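J.: Sending over upload21.cif (mmCIF, N, CA and C atoms).
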```
data_input
loop_
_atom_site.label_atom_id
_atom_site.label_comp_id
_atom_site.auth_asym_id
_atom_site.auth_seq_id
_atom_site.Cartn_x
_atom_site.Cartn_y
_atom_site.Cartn_z
N MET A 1 17.98 16.90 -42.30
CA MET A 1 18.08 15.91 -41.24
C MET A 1 18.61 16.54 -39.94
N ARG A 2 19.61 17.39 -40.11
CA ARG A 2 20.19 18.05 -38.95
C ARG A 2 19.15 18.93 -38.25
N ARG A 3 18.31 19.60 -39.02
CA ARG A 3 17.27 20.46 -38.45
C ARG A 3 16.26 19.63 -37.67
N ILE A 4 15.90 18.46 -38.18
CA ILE A 4 14.95 17.58 -37.49
C ILE A 4 15.54 17.12 -36.16
N LEU A 5 16.80 16.70 -36.17
CA LEU A 5 17.44 16.25 -34.94
C LEU A 5 17.54 17.39 -33.93
N LEU A 6 17.85 18.59 -34.40
CA LEU A 6 17.92 19.74 -33.51
C LEU A 6 16.56 20.05 -32.90
N THR A 7 15.52 19.98 -33.72
CA THR A 7 14.16 20.22 -33.24
C THR A 7 13.76 19.18 -32.20
N ILE A 8 14.07 17.92 -32.47
CA ILE A 8 13.74 16.85 -31.52
C ILE A 8 14.51 17.07 -30.21
N GLY A 9 15.79 17.40 -30.31
CA GLY A 9 16.61 17.63 -29.12
C GLY A 9 16.07 18.76 -28.27
N ILE A 10 15.71 19.87 -28.90
CA ILE A 10 15.17 21.01 -28.16
C ILE A 10 13.83 20.64 -27.53
N SER A 11 13.00 19.90 -28.25
CA SER A 11 11.70 19.48 -27.72
C SER A 11 11.87 18.64 -26.47
N VAL A 12 12.81 17.70 -26.51
CA VAL A 12 13.05 16.83 -25.35
C VAL A 12 13.51 17.67 -24.16
N LEU A 13 14.43 18.61 -24.39
CA LEU A 13 14.91 19.45 -23.30
C LEU A 13 13.78 20.29 -22.70
N LEU A 14 12.91 20.82 -23.56
CA LEU A 14 11.78 21.61 -23.06
C LEU A 14 10.83 20.76 -22.24
N ILE A 15 10.53 19.57 -22.72
CA ILE A 15 9.62 18.68 -22.00
C ILE A 15 10.20 18.32 -20.64
N VAL A 16 11.48 17.93 -20.61
CA VAL A 16 12.13 17.57 -19.35
C VAL A 16 12.15 18.78 -18.42
N GLY A 17 12.47 19.95 -18.93
CA GLY A 17 12.51 21.16 -18.12
C GLY A 17 11.16 21.50 -17.53
N PHE A 18 10.10 21.46 -18.35
CA PHE A 18 8.77 21.78 -17.84
C PHE A 18 8.28 20.74 -16.86
N THR A 19 8.62 19.48 -17.09
CA THR A 19 8.22 18.43 -16.16
C THR A 19 8.87 18.65 -14.80
N ALA A 20 10.15 18.96 -14.79
CA ALA A 20 10.85 19.19 -13.52
C ALA A 20 10.30 20.42 -12.81
N CYS A 21 9.99 21.46 -13.56
CA CYS A 21 9.45 22.68 -12.95
C CYS A 21 8.07 22.45 -12.36
N GLY A 22 7.31 21.55 -12.96
CA GLY A 22 5.95 21.31 -12.49
C GLY A 22 5.86 20.22 -11.44
N SER A 23 6.98 19.68 -11.05
CA SER A 23 6.98 18.59 -10.10
C SER A 23 6.57 19.06 -8.72
N ASP A 24 5.74 18.24 -8.04
CA ASP A 24 5.34 18.59 -6.69
C ASP A 24 6.11 17.77 -5.66
N GLU A 25 7.20 17.12 -6.12
CA GLU A 25 8.01 16.33 -5.19
C GLU A 25 8.75 17.26 -4.25
N LYS A 26 8.98 16.78 -3.06
CA LYS A 26 9.68 17.57 -2.06
C LYS A 26 11.16 17.62 -2.40
N SER A 27 11.78 18.70 -2.04
CA SER A 27 13.21 18.86 -2.27
C SER A 27 13.99 17.90 -1.39
N GLU A 28 15.04 17.31 -1.98
CA GLU A 28 15.90 16.42 -1.18
C GLU A 28 16.65 17.22 -0.12
N ASP A 29 16.70 18.54 -0.29
CA ASP A 29 17.39 19.39 0.66
C ASP A 29 16.51 19.81 1.83
N ALA A 30 15.23 19.43 1.80
CA ALA A 30 14.32 19.79 2.89
C ALA A 30 14.83 19.18 4.19
N PRO A 31 14.77 19.95 5.27
CA PRO A 31 15.30 19.42 6.55
C PRO A 31 14.48 18.24 7.06
N VAL A 32 15.19 17.30 7.65
CA VAL A 32 14.55 16.14 8.27
C VAL A 32 14.00 16.58 9.62
N ILE A 33 12.71 16.29 9.85
CA ILE A 33 12.09 16.71 11.11
C ILE A 33 11.83 15.54 12.04
N GLY A 34 12.18 14.34 11.60
CA GLY A 34 11.96 13.16 12.42
C GLY A 34 12.05 11.91 11.58
N THR A 35 11.54 10.82 12.13
CA THR A 35 11.51 9.56 11.40
C THR A 35 10.17 8.88 11.61
N CYS A 36 9.88 7.96 10.73
CA CYS A 36 8.71 7.11 10.87
C CYS A 36 9.11 5.74 10.36
N THR A 37 8.27 4.76 10.56
CA THR A 37 8.54 3.43 10.00
C THR A 37 7.42 3.09 9.04
N ILE A 38 7.79 2.26 8.05
CA ILE A 38 6.80 1.79 7.08
C ILE A 38 7.06 0.32 6.79
N THR A 39 5.97 -0.41 6.70
CA THR A 39 5.99 -1.81 6.29
C THR A 39 5.02 -1.93 5.12
N VAL A 40 5.47 -2.56 4.03
CA VAL A 40 4.60 -2.80 2.89
C VAL A 40 4.57 -4.30 2.64
N GLU A 41 3.41 -4.90 2.87
CA GLU A 41 3.24 -6.34 2.71
C GLU A 41 3.79 -6.79 1.35
N GLU A 42 4.53 -7.87 1.36
CA GLU A 42 5.11 -8.49 0.17
C GLU A 42 6.16 -7.61 -0.51
N PHE A 43 6.63 -6.54 0.17
CA PHE A 43 7.66 -5.70 -0.43
C PHE A 43 8.77 -5.38 0.55
N CYS A 44 8.43 -4.79 1.68
CA CYS A 44 9.50 -4.47 2.63
C CYS A 44 9.01 -4.64 4.06
N GLU A 45 9.92 -5.20 4.84
CA GLU A 45 9.68 -5.31 6.28
C GLU A 45 9.79 -3.91 6.86
N GLU A 46 9.52 -3.78 8.14
CA GLU A 46 9.57 -2.46 8.78
C GLU A 46 10.89 -1.75 8.46
N LYS A 47 10.74 -0.56 7.92
CA LYS A 47 11.89 0.23 7.49
C LYS A 47 11.76 1.63 8.05
N GLU A 48 12.84 2.15 8.62
CA GLU A 48 12.82 3.51 9.15
C GLU A 48 13.09 4.50 8.02
N MET A 49 12.27 5.54 7.96
CA MET A 49 12.36 6.53 6.90
C MET A 49 12.50 7.92 7.51
N ASP A 50 13.28 8.78 6.82
CA ASP A 50 13.35 10.18 7.23
C ASP A 50 12.01 10.85 6.94
N LEU A 51 11.66 11.78 7.79
CA LEU A 51 10.40 12.50 7.67
C LEU A 51 10.68 13.98 7.46
N HIS A 52 10.05 14.55 6.44
CA HIS A 52 10.18 15.98 6.14
C HIS A 52 8.84 16.65 6.39
N GLU A 53 8.87 17.94 6.67
CA GLU A 53 7.64 18.67 6.95
C GLU A 53 6.65 18.50 5.80
N GLY A 54 5.42 18.15 6.15
CA GLY A 54 4.36 18.00 5.16
C GLY A 54 4.29 16.63 4.50
N ASP A 55 5.21 15.72 4.84
CA ASP A 55 5.17 14.38 4.24
C ASP A 55 3.86 13.69 4.55
N THR A 56 3.32 13.02 3.54
CA THR A 56 2.10 12.24 3.70
C THR A 56 2.43 10.76 3.66
N VAL A 57 1.45 9.94 3.98
CA VAL A 57 1.63 8.48 3.88
C VAL A 57 2.04 8.11 2.45
N TYR A 58 1.44 8.76 1.48
CA TYR A 58 1.77 8.52 0.07
C TYR A 58 3.23 8.87 -0.23
N ASP A 59 3.71 10.01 0.29
CA ASP A 59 5.11 10.41 0.09
C ASP A 59 6.07 9.36 0.65
N ILE A 60 5.76 8.86 1.83
CA ILE A 60 6.63 7.87 2.46
C ILE A 60 6.59 6.56 1.66
N LEU A 61 5.43 6.16 1.16
CA LEU A 61 5.33 4.97 0.32
C LEU A 61 6.19 5.15 -0.92
N GLN A 62 6.11 6.30 -1.57
CA GLN A 62 6.94 6.56 -2.74
C GLN A 62 8.42 6.47 -2.41
N ALA A 63 8.81 6.97 -1.25
CA ALA A 63 10.23 6.98 -0.86
C ALA A 63 10.81 5.59 -0.67
N THR A 64 9.95 4.58 -0.50
CA THR A 64 10.46 3.21 -0.37
C THR A 64 10.97 2.66 -1.69
N GLY A 65 10.58 3.31 -2.80
CA GLY A 65 10.96 2.82 -4.12
C GLY A 65 9.96 1.84 -4.71
N ALA A 66 8.86 1.63 -4.02
CA ALA A 66 7.81 0.74 -4.54
C ALA A 66 7.23 1.31 -5.82
N GLU A 67 6.85 0.44 -6.74
CA GLU A 67 6.19 0.86 -7.96
C GLU A 67 4.70 1.03 -7.65
N ILE A 68 4.22 2.25 -7.76
CA ILE A 68 2.85 2.58 -7.36
C ILE A 68 2.04 2.98 -8.58
N VAL A 69 0.83 2.44 -8.67
CA VAL A 69 -0.14 2.90 -9.66
C VAL A 69 -1.31 3.45 -8.85
N ASP A 70 -1.67 4.71 -9.16
CA ASP A 70 -2.77 5.33 -8.43
C ASP A 70 -3.72 5.98 -9.42
N SER A 71 -4.87 6.37 -8.92
CA SER A 71 -5.81 7.12 -9.74
C SER A 71 -6.28 8.32 -8.93
N ASP A 72 -6.51 9.42 -9.62
CA ASP A 72 -6.97 10.64 -8.97
C ASP A 72 -8.49 10.60 -8.88
N THR A 73 -9.00 10.65 -7.66
CA THR A 73 -10.45 10.58 -7.46
C THR A 73 -11.11 11.95 -7.45
N GLY A 74 -10.29 12.98 -7.51
CA GLY A 74 -10.81 14.33 -7.37
C GLY A 74 -10.67 14.84 -5.95
N THR A 75 -10.60 13.93 -4.99
CA THR A 75 -10.40 14.32 -3.59
C THR A 75 -9.13 13.70 -3.02
N GLY A 76 -8.46 12.86 -3.79
CA GLY A 76 -7.23 12.22 -3.35
C GLY A 76 -6.80 11.14 -4.30
N LYS A 77 -5.63 10.57 -4.04
CA LYS A 77 -5.09 9.50 -4.88
C LYS A 77 -5.47 8.15 -4.29
N ALA A 78 -6.16 7.35 -5.09
CA ALA A 78 -6.50 5.99 -4.68
C ALA A 78 -5.41 5.05 -5.18
N ILE A 79 -4.88 4.23 -4.31
CA ILE A 79 -3.85 3.28 -4.69
C ILE A 79 -4.51 2.13 -5.45
N GLU A 80 -4.07 1.90 -6.68
CA GLU A 80 -4.60 0.82 -7.52
C GLU A 80 -3.73 -0.43 -7.43
N SER A 81 -2.40 -0.22 -7.34
CA SER A 81 -1.50 -1.36 -7.18
C SER A 81 -0.16 -0.90 -6.61
N ILE A 82 0.49 -1.83 -5.94
CA ILE A 82 1.85 -1.63 -5.43
C ILE A 82 2.66 -2.81 -5.92
N ASN A 83 3.74 -2.50 -6.64
CA ASN A 83 4.62 -3.53 -7.21
C ASN A 83 3.86 -4.60 -7.98
N GLY A 84 2.86 -4.18 -8.72
CA GLY A 84 2.11 -5.09 -9.60
C GLY A 84 0.98 -5.85 -8.93
N LEU A 85 0.86 -5.76 -7.61
CA LEU A 85 -0.24 -6.42 -6.91
C LEU A 85 -1.44 -5.47 -6.94
N GLU A 86 -2.42 -5.80 -7.79
CA GLU A 86 -3.53 -4.90 -8.07
C GLU A 86 -4.75 -5.18 -7.21
N ASN A 87 -5.46 -4.10 -6.89
CA ASN A 87 -6.76 -4.24 -6.23
C ASN A 87 -7.63 -5.16 -7.07
N GLY A 88 -8.37 -6.04 -6.43
CA GLY A 88 -9.27 -6.95 -7.12
C GLY A 88 -8.62 -8.19 -7.69
N SER A 89 -7.30 -8.32 -7.55
CA SER A 89 -6.60 -9.47 -8.14
C SER A 89 -6.73 -10.75 -7.32
N ARG A 90 -7.18 -10.62 -6.08
CA ARG A 90 -7.36 -11.80 -5.22
C ARG A 90 -8.79 -11.83 -4.68
N GLY A 91 -9.73 -11.54 -5.57
CA GLY A 91 -11.14 -11.47 -5.19
C GLY A 91 -11.66 -10.07 -5.42
N ASP A 92 -12.93 -9.97 -5.68
CA ASP A 92 -13.54 -8.69 -6.01
C ASP A 92 -13.33 -7.61 -4.96
N MET A 93 -13.27 -8.01 -3.71
CA MET A 93 -13.15 -7.04 -2.62
C MET A 93 -11.73 -6.92 -2.07
N SER A 94 -10.74 -7.48 -2.76
CA SER A 94 -9.36 -7.41 -2.28
C SER A 94 -8.74 -6.07 -2.68
N GLY A 95 -7.79 -5.60 -1.88
CA GLY A 95 -7.13 -4.35 -2.21
C GLY A 95 -6.24 -3.83 -1.11
N TRP A 96 -5.54 -2.75 -1.46
CA TRP A 96 -4.59 -2.14 -0.55
C TRP A 96 -5.27 -1.23 0.46
N MET A 97 -4.81 -1.32 1.70
CA MET A 97 -5.27 -0.42 2.75
C MET A 97 -4.08 -0.12 3.66
N TYR A 98 -4.15 1.01 4.34
CA TYR A 98 -3.04 1.36 5.23
C TYR A 98 -3.56 1.70 6.61
N THR A 99 -2.66 1.54 7.58
CA THR A 99 -2.93 1.97 8.94
C THR A 99 -1.77 2.84 9.40
N VAL A 100 -2.06 3.73 10.32
CA VAL A 100 -1.04 4.56 10.97
C VAL A 100 -1.20 4.34 12.46
N ASN A 101 -0.18 3.82 13.07
CA ASN A 101 -0.20 3.51 14.50
C ASN A 101 -1.36 2.58 14.85
N GLY A 102 -1.64 1.64 13.94
CA GLY A 102 -2.67 0.63 14.19
C GLY A 102 -4.09 1.07 13.89
N LYS A 103 -4.28 2.29 13.43
CA LYS A 103 -5.63 2.80 13.14
C LYS A 103 -5.77 3.07 11.64
N SER A 104 -6.97 2.85 11.13
CA SER A 104 -7.25 3.09 9.71
C SER A 104 -7.81 4.49 9.51
N PRO A 105 -6.99 5.41 9.00
CA PRO A 105 -7.49 6.77 8.76
C PRO A 105 -8.58 6.78 7.68
N MET A 106 -9.42 7.76 7.74
CA MET A 106 -10.49 7.88 6.75
C MET A 106 -10.09 8.83 5.62
N ASP A 107 -8.80 9.09 5.46
CA ASP A 107 -8.27 9.96 4.41
C ASP A 107 -7.52 9.15 3.37
N TYR A 108 -7.47 9.69 2.14
CA TYR A 108 -6.58 9.10 1.14
C TYR A 108 -5.15 9.29 1.63
N SER A 109 -4.26 8.39 1.21
CA SER A 109 -2.88 8.41 1.72
C SER A 109 -2.14 9.69 1.36
N ASP A 110 -2.52 10.37 0.28
CA ASP A 110 -1.84 11.61 -0.07
C ASP A 110 -2.38 12.81 0.71
N LYS A 111 -3.36 12.58 1.56
CA LYS A 111 -3.93 13.66 2.38
C LYS A 111 -3.58 13.52 3.85
N PHE A 112 -3.08 12.35 4.26
CA PHE A 112 -2.80 12.10 5.68
C PHE A 112 -1.33 12.42 5.97
N GLU A 113 -1.09 13.49 6.73
CA GLU A 113 0.28 13.87 7.08
C GLU A 113 0.83 12.99 8.19
N VAL A 114 2.08 12.62 8.01
CA VAL A 114 2.78 11.74 8.95
C VAL A 114 3.48 12.58 10.01
N SER A 115 3.47 12.09 11.23
CA SER A 115 4.15 12.75 12.35
C SER A 115 5.35 11.93 12.79
N ASP A 116 6.27 12.59 13.46
CA ASP A 116 7.47 11.93 13.98
C ASP A 116 7.06 10.73 14.83
N GLY A 117 7.67 9.58 14.56
CA GLY A 117 7.42 8.38 15.34
C GLY A 117 6.27 7.52 14.84
N ASP A 118 5.53 7.99 13.82
CA ASP A 118 4.41 7.19 13.30
C ASP A 118 4.88 5.88 12.69
N SER A 119 4.01 4.88 12.77
CA SER A 119 4.26 3.58 12.17
C SER A 119 3.19 3.33 11.10
N ILE A 120 3.62 3.24 9.84
CA ILE A 120 2.71 3.04 8.71
C ILE A 120 2.79 1.59 8.26
N VAL A 121 1.65 0.97 8.05
CA VAL A 121 1.62 -0.40 7.54
C VAL A 121 0.66 -0.44 6.34
N TRP A 122 1.15 -0.91 5.20
CA TRP A 122 0.33 -1.16 4.02
C TRP A 122 0.09 -2.65 3.93
N GLU A 123 -1.18 -3.05 3.90
CA GLU A 123 -1.55 -4.46 3.80
C GLU A 123 -2.46 -4.66 2.59
N PHE A 124 -2.33 -5.84 2.01
CA PHE A 124 -3.23 -6.20 0.93
C PHE A 124 -4.32 -7.09 1.53
N ALA A 125 -5.50 -6.52 1.63
CA ALA A 125 -6.61 -7.23 2.27
C ALA A 125 -7.27 -8.16 1.24
N GLU A 126 -7.46 -9.40 1.63
CA GLU A 126 -8.10 -10.36 0.74
C GLU A 126 -9.60 -10.13 0.66
N ASP A 127 -10.19 -9.59 1.71
CA ASP A 127 -11.63 -9.34 1.73
C ASP A 127 -11.87 -8.06 2.51
N MET A 128 -11.98 -6.95 1.80
CA MET A 128 -12.13 -5.65 2.46
C MET A 128 -13.54 -5.45 2.97
#
```
Before we go any further, please render this structure as structure tokens.

T.:
Amino acid sequence: MRRILLTIGISVLLIVGFTACGSDEKSEDAPVIGTCTITVEEFCEEKEMDLHEGDTVYDILQATGAEIVDSDTGTGKAIESINGLENGSRGDMSGWMYTVNGKSPMDYSDKFEVSDGDSIVWEFAEDM
């Protein structure tokens, strides 16, 4: 029994260690290069966020603490739901879309880098 528990304990430590090593999250120690604002419909009003070099719209969305479900399209991450509000849940063509400074970029949110002073808005469109 003791050997089984030891094996399980070591396995958990290895999994946690490899997961942390493989993480692509930015270091909390990365210098702040500016700020941006983000609004997520039905989740948070305009909120000022610290901006680190290389941050994308997706990174800033994650930093809000929103629960995000995405899918990898091969060219970027498609947002499937934010805080349980899923694409298609309010009509076949409903879903999440974002704007930066009032414009709709043609990039996935994990590919669009944010600049100092940018304003990001995530809206759930009823009819895209």

J.: Applied to the shown file, which residues does the PyMOL selection byres (((chain A and resi 46 and name CA) around 12) and name CA) return, written as a list of chain:residue names?

T.: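 Listing what the PyMOL selection byres (((chain A and resi 46 and name CA) around 12) and name CA) selects in the shown file: A:Cys36, A:Thr37, A:Ile38, A:Thr39, A:Val40, A:Glu41, A:Glu42, A:Phe43, A:Cys44, A:Glu45, A:Lys47, A:Glu48, A:Met49, A:Thr64, A:Asp118, A:Ser119, A:Ile120, A:Val121, A:Trp122.
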
J.: For stretch 48-60 of chain A, what centre and edge lengths in Å (one decimal) does the axis-aligned box get once 8 Å is added on each side of all its listed atoms, as JSON?

T.:
```
{"center_x": 7.4, "center_y": 10.4, "center_z": 4.5, "size_x": 27.9, "size_y": 32.5, "size_z": 25.4}
```

J.: In Å, rounded to a single decimal, give me how far atom C of A:Thr35 is from atom C of A:Asp70.

T.: 25.4 Å

J.: Could you tell me how far atom CA of A:Ala78 lies from atom CA of A:Ser109, in Å and to one decimal?

T.: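 Atom CA of A:Ala78 sits 7.7 Å away from atom CA of A:Ser109.
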
J.: Just say which residues the PyMOL selection byres ((chain A and resi 127) around 8) picks in this file, as a ChimeraX atom specification.

T.: /A:90-95,124-126,128

J.: Which is closer to A:Val57 than all the others in A:Thr75, A:Asn83, A:Ser115, A:Ser104, using only N, CA and C atoms?

T.: A:Ser115

J.: Hey, can you check how far atom CA of A:Gly65 sits from atom CA of A:Met97?

T.: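 Straight-line distance from atom CA of A:Gly65 to atom CA of A:Met97 works out to 17.9 Å.
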
J.: Neighbouring residues of A:Asp55 were defined as those with any atom within 5 Å, considering all atoms listed in the file; residues of the same chain fewer than 3 positions away were excluded. Please report them as number ranges by chain.

T.: A: 52, 113-114

J.: With distances taken over only C-alpha atoms, which residue among A:Leu85, A:Ala66, A:Val32, A:Val100 lies nearest A:Glu53?

T.: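 Nearest candidate to A:Glu53 out of A:Leu85, A:Ala66, A:Val32, A:Val100: A:Val32.
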
J.: Got a sec: who's within 8 Å of A:Asp59, counting only N, CA and C atoms, leaving out chain neighbours fewer than 3 positions off, as a ChimeraX atom specification?

T.: /A:54-56,62-64,109-112

J.: Using the chain letters and residue numbers of this document, give as a VMD selection string the residues selected by the PyMOL selection byres ((chain A and resi 84) around 8).

T.: chain A and resid 66 to 69 80 to 83 85 to 87

J.: From the list A:Thr99, A:Gly34, A:Asp29, A:Thr73, which residue is nearest A:Gly117 when using only N, CA and C atoms?

T.: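 Using only N, CA and C atoms, the shortest distance to A:Gly117 belongs to A:Gly34.
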